[in-house]
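Taking it in order: structure first as C-alpha cells, then the write-up.
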Amino acid sequence: MSDKTKILMVCLGNICRSPLAHGILENKLDPTKYTVDSAGTAAYHIGEKPDRRSIAVARKYGLDITNQRAQKFIKQHFDTFDYIFVMDRSNYNNVLALATTAEDRQKVKMILNEVTPNLNTEVPDPYYGGDQGFENVYEMLDLACSKIADRI
Ligand code: 4NP
C-alpha cells in the first residue's frame, strides 16, 4: 500500500468542475507524497474527457487536463481517499448518502469552506452557461486549492 495522502474532487458529471480542481491541486502538490483524483456522482459522462471549456481554461493557465477520464463516485472511494472535496450541497448530500461510518462522513468537505469556513458556499455548475462561468470556477478553485495545498 502506498502511504501517499489521497485527495478526491467530486462534482456531478466529473467533466467540468472536479477535473479542474483535480488538475489545479495536483499541480500544487509533490506527486511523490500526494495523489489527486476526481469523480462525479452521476454516471452520464463515464469514460469521457473533461468538457472542452474546462480543457481550454486549464490550458490558459498552463495545465493539461486532457488525460483525465470521468468516473462515477462509489462508496469504495471512502476506503481509498483521505479527503473528499465536493463542489456543492447536492454533491455533498449524494456523497454522504453512500457513507457508512463517522470516519467516512468526516472526510467530506465543501471545497469553498477552505476559503470561507462554514459558509457552505457552492462552486456554481458552469455546464449550461458560457465561457465566463468556467473562468469564474477556475479562479474559485485555484484559491481553494492554494489553501488546501498550504494546510494538507
Ligand atoms: P460538472 O458539470 O458536475 O461540473 O461536471 C456538469 C456536467 C454535466 C452535467 C451536469 C453538470 N450534465 O447534466 O450532463
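By order of appearance in the C-alpha cells: chains A, B, ..., then residues from 1 within every chain, and ligands from 1 in the order shown.
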Check: Once you count only C-alpha atoms and all ligand atoms, which residues end up within 7 Å of ligand 1, and could you hand them over as a list of chain:residue names?
Finding: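 What falls inside 7 Å of ligand 1 is A:Cys11, A:Leu12, A:Gly13, A:Asn14, A:Ile15, A:Cys16, A:Arg17, A:Ser18, A:Gly40, A:Tyr44, A:His45, A:Asp125, A:Pro126, A:Tyr127.
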Next item on the list: Write out as a PyMOL selection string each polymer residue whose atoms come within 12 Å of stretch 115-119 of chain A, counting only C-alpha atoms; drop sequence neighbours fewer than 2 positions from it.
Entry: chain A and resi 88-89+109-113+121-123+139-148+150-151
Check: With distances taken over only C-alpha atoms, which of A:Lys33, A:Lys6, A:Arg52, A:His22 is nearest to A:Lys107?
Finding: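 Closest residue, counting only C-alpha atoms: A:Lys6.
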Next item on the list: Tell me which protein, DNA and RNA residues are within 9 Å of A:Val57, counting only C-alpha atoms, leaving out same-chain ones fewer than 5 positions away, and put them as a list of chain:residue names.
Entry: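 Counting only C-alpha atoms, the residues come to A:Leu20, A:Arg52, A:Gly62, A:Leu63, A:Asp131, A:Phe134, A:Glu135, A:Tyr138.
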Using all heavy atoms, can you write the selected residues to a file as a compact mmCIF listing (two decimals), in the first residue's frame?
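What landed in selection-v8.txt:
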# COMPACT_ATOMS: atom_id res chain seq x y z
N LEU A 20 -11.19 20.30 -13.12
CA LEU A 20 -10.36 21.50 -12.88
C LEU A 20 -9.73 21.43 -11.50
O LEU A 20 -8.53 21.67 -11.34
CB LEU A 20 -11.20 22.77 -13.04
CG LEU A 20 -11.50 23.18 -14.47
CD1 LEU A 20 -12.47 24.36 -14.49
CD2 LEU A 20 -10.22 23.52 -15.23
N ARG A 52 -14.73 20.55 -23.13
CA ARG A 52 -13.72 21.33 -23.87
C ARG A 52 -13.49 22.70 -23.23
O ARG A 52 -12.41 23.27 -23.34
CB ARG A 52 -14.11 21.48 -25.34
CG ARG A 52 -15.40 22.19 -25.54
CD ARG A 52 -15.84 22.35 -26.99
NE ARG A 52 -17.22 22.80 -26.99
CZ ARG A 52 -17.62 24.03 -26.66
NH1 ARG A 52 -16.74 24.95 -26.33
NH2 ARG A 52 -18.90 24.34 -26.63
N GLY A 62 -1.93 27.08 -18.09
CA GLY A 62 -0.76 26.23 -18.18
C GLY A 62 -0.94 24.80 -17.70
O GLY A 62 0.05 24.10 -17.49
N LEU A 63 -2.19 24.35 -17.55
CA LEU A 63 -2.44 22.99 -17.09
C LEU A 63 -3.04 22.15 -18.21
O LEU A 63 -3.96 22.59 -18.91
CB LEU A 63 -3.45 22.98 -15.93
CG LEU A 63 -3.04 23.65 -14.63
CD1 LEU A 63 -4.20 23.56 -13.64
CD2 LEU A 63 -1.79 23.01 -14.06
N ASP A 131 -18.42 30.71 -21.43
CA ASP A 131 -17.01 30.56 -21.05
C ASP A 131 -16.66 31.31 -19.76
O ASP A 131 -15.79 30.88 -19.01
CB ASP A 131 -16.10 31.07 -22.17
CG ASP A 131 -16.19 30.18 -23.41
OD1 ASP A 131 -16.70 29.04 -23.31
OD2 ASP A 131 -15.73 30.63 -24.48
N PHE A 134 -16.71 29.27 -16.65
CA PHE A 134 -15.56 28.39 -16.46
C PHE A 134 -14.38 29.17 -15.90
O PHE A 134 -13.62 28.67 -15.05
CB PHE A 134 -15.20 27.68 -17.77
CG PHE A 134 -16.15 26.55 -18.09
CD1 PHE A 134 -17.41 26.82 -18.60
CD2 PHE A 134 -15.80 25.24 -17.84
CE1 PHE A 134 -18.31 25.80 -18.87
CE2 PHE A 134 -16.68 24.20 -18.10
CZ PHE A 134 -17.94 24.48 -18.61
N GLU A 135 -14.23 30.42 -16.36
CA GLU A 135 -13.18 31.30 -15.80
C GLU A 135 -13.44 31.53 -14.31
O GLU A 135 -12.52 31.41 -13.49
CB GLU A 135 -13.19 32.63 -16.58
CG GLU A 135 -12.20 33.66 -16.09
CD GLU A 135 -10.75 33.31 -16.38
OE1 GLU A 135 -10.47 32.68 -17.41
OE2 GLU A 135 -9.89 33.67 -15.54
N TYR A 138 -12.67 28.43 -12.38
CA TYR A 138 -11.21 28.24 -12.28
C TYR A 138 -10.64 29.09 -11.14
O TYR A 138 -9.85 28.62 -10.32
CB TYR A 138 -10.51 28.59 -13.60
CG TYR A 138 -9.05 28.20 -13.54
CD1 TYR A 138 -8.62 26.98 -14.05
CD2 TYR A 138 -8.11 29.02 -12.91
CE1 TYR A 138 -7.30 26.59 -13.93
CE2 TYR A 138 -6.79 28.64 -12.78
CZ TYR A 138 -6.40 27.42 -13.30
OH TYR A 138 -5.08 27.04 -13.17
Note to self: Which residues are near A:Gly23? Cut-off 9 Å, only C-alpha atoms, ignore same chain within fewer than 2 positions. Put them as number ranges by chain.
What the structure shows: A: 18-21, 25-28, 36-37, 58, 63-65, 68
